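Engineer: Structure incoming, see below.
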Amino acid sequence: MPHDVTDRNRTRTQVADLYFMEHRAKTLDVAAFLDRHDRAAGDEDFRVAQLRQAAAILTDGKPDRAKRILELMSDPTLEPIARAGSKGATGAYAPTTTERAKP
Amino acid sequence: MRYIDPHIHMVSRTTDDYRHMALAGCVAVTEPAFWAGFDRSSPQGFYDYFRQLTETEPRRAAAHGIKHFTWLCINPKEAEDPVFAREVIALIPDFLDKPNVLGIGEIGLNKNSCNELSILEDQIALADRHNQLILVHTPHLEDKLKGTRLIIDAIRRNTRIDPGRVLIDHVEEHTVRAVLDAGMWAGMTLYPDSKCTAQRAADIIEVYGNERIWINSAGDWGHSDPLAVPKAALEMRRRGHLEASIQNVTFDNPQKFLGQSPRFKIDE
Ligand SMILES: [Zn+2]
């Protein structure tokens, strides 16, 4: 562990013992959510499209998955916008987010 | 355990919450000024809110043995009208001598707009003029990464501000490194659906260390949990974090940062 904050070196089995059931359930929730979305009418929602890209990060075998998913779902631009049209955020980024996300 | 919740909006919480927090070991809270869920119709609305934060809320907290401190500002969600925002900023100096005021906050950005940024710069300058600590709110969700970068740059542009007297709140995995590398303090907010969870906060401490970092509930009128700090301590404990490290992030670090204000005193 990079920082010395714990009293033991944990094994992967110990991590699974603590957290597996909870994350098994969360994975099933995501699967059922995508099924529910796909059964519904209309076009793909831009937020769900981004969630599918996030799901690919889960299985790419590389580290920093949480950080990379947050970056994927972030506005990558650097300049302040001219006006704040709304107060809310949608949780996913699309260049047209502000038009789509009427609060 | 004794702990400090350094970011919680007690004006939005019940007396039962104070009681439960006291039972869980909370000895002090700090409450930044924020958005009420609707826009105030006049600067006078803020004047009354500042009185609530500096007069009423400390009394409610004291009834449960909890010390109450506060931060004053106009929040970024109401900063899109700069004329209005500057009228509110003009009210703040009159309150800076109140005994529970620690600094200016939570200032920051919401949608990363030009007006928000210019009001942020005004309030950084206000903190500088009055030698106040700064507590910063970073934007939500897809706006956080960009907003955190803009905020760090804005603070650095004011070269008179000591980064060690600035806390950037609501960091997550994609923003914590930049904040710590800038020499500022980082706050992790534990929310049920957004920001951090207790598990991810413990992960961040394992990966980025427990220096210049704290955790808070940011409990408010939305989906939030006033007991988030002791619950995070429980999470750290069950995965084997040392008691000294848990105390570091839940008590010692807040005390160290906040103690830079002579007003922040808690009974030992
Ligand atoms: Zn807040």
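Chain labels run A, B, ... following the order of the structure tokens; each chain numbers its residues from 1, and ligands are numbered from 1 in the order shown.
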Ligand 1: which residues are within 8 Å, counting only C-alpha atoms and all ligand atoms, as a list in words?

Structural biologist: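 For ligand 1, the residues inside 8 Å are His7, Ile8, His9, Glu31, Pro32, Ala33, Phe34, Glu106, His137, Ala218, Gly219 and Asp220 of chain B.
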
Engineer: Write out the residues from the selection above, keeping C-alpha atoms, as an mmCIF file, in the first residue's frame.

Structural biologist:
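Once everything was written out, this is selection-v3.cif:
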```
data_model
loop_
_atom_site.group_PDB
_atom_site.id
_atom_site.type_symbol
_atom_site.label_atom_id
_atom_site.label_comp_id
_atom_site.auth_asym_id
_atom_site.auth_seq_id
_atom_site.Cartn_x
_atom_site.Cartn_y
_atom_site.Cartn_z
ATOM 1 C CA HIS B 7 -18.331 21.112 6.608
ATOM 2 C CA ILE B 8 -21.995 20.760 7.486
ATOM 3 C CA HIS B 9 -25.012 23.032 6.960
ATOM 4 C CA GLU B 31 -20.635 25.653 8.637
ATOM 5 C CA PRO B 32 -19.929 27.410 5.344
ATOM 6 C CA ALA B 33 -22.477 29.820 3.875
ATOM 7 C CA PHE B 34 -24.246 28.174 0.920
ATOM 8 C CA GLU B 106 -17.685 28.205 0.650
ATOM 9 C CA HIS B 137 -16.597 24.526 -2.995
ATOM 10 C CA ALA B 218 -21.547 18.412 3.932
ATOM 11 C CA GLY B 219 -24.940 17.546 5.404
ATOM 12 C CA ASP B 220 -27.600 19.924 4.114
#
```

Engineer: For chain B against chain A, which residues fall within 6 Å using only C-alpha atoms, given as a VMD selection string?

Structural biologist: chain B and resid 111 to 114 141 to 143 173 to 174 206 to 207 209 240 to 242 245

Engineer: One number please: CA of Asp225 in chain B to CA of Ala24 in chain B, in Å, one decimal.

Structural biologist: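 About the pair CA of Asp225 in chain B and CA of Ala24 in chain B: they are 12.9 Å apart.
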
Engineer: Per DSSP on the backbone, filter range 30-263 of chain B down to the residues in alpha helix (DSSP H) and report them as a VMD selection string.

Structural biologist: chain B and resid 43 to 51 57 to 62 82 to 89 114 to 129 144 to 157 176 to 181 198 to 208 228 to 238 243 to 247 253 to 258

Engineer: Would you mind listing what lies within 12 Å of Met184 in chain B as a ChimeraX atom specification, with only C-alpha atoms counted and same-chain residues fewer than 2 positions away left out?

Structural biologist: /B:133-136,148,151-152,155-156,161-169,171,176-182,186-187,211-214,257

Engineer: For Leu53 in chain B, list every protein, DNA or RNA residue within 12 Å, evaluated using only C-alpha atoms, and leave out those in the same chain fewer than 2 positions away; present the list as a ChimeraX atom specification.

Structural biologist: /B:8-12,29-34,46-51,55-61,68-73,95-96,98-102
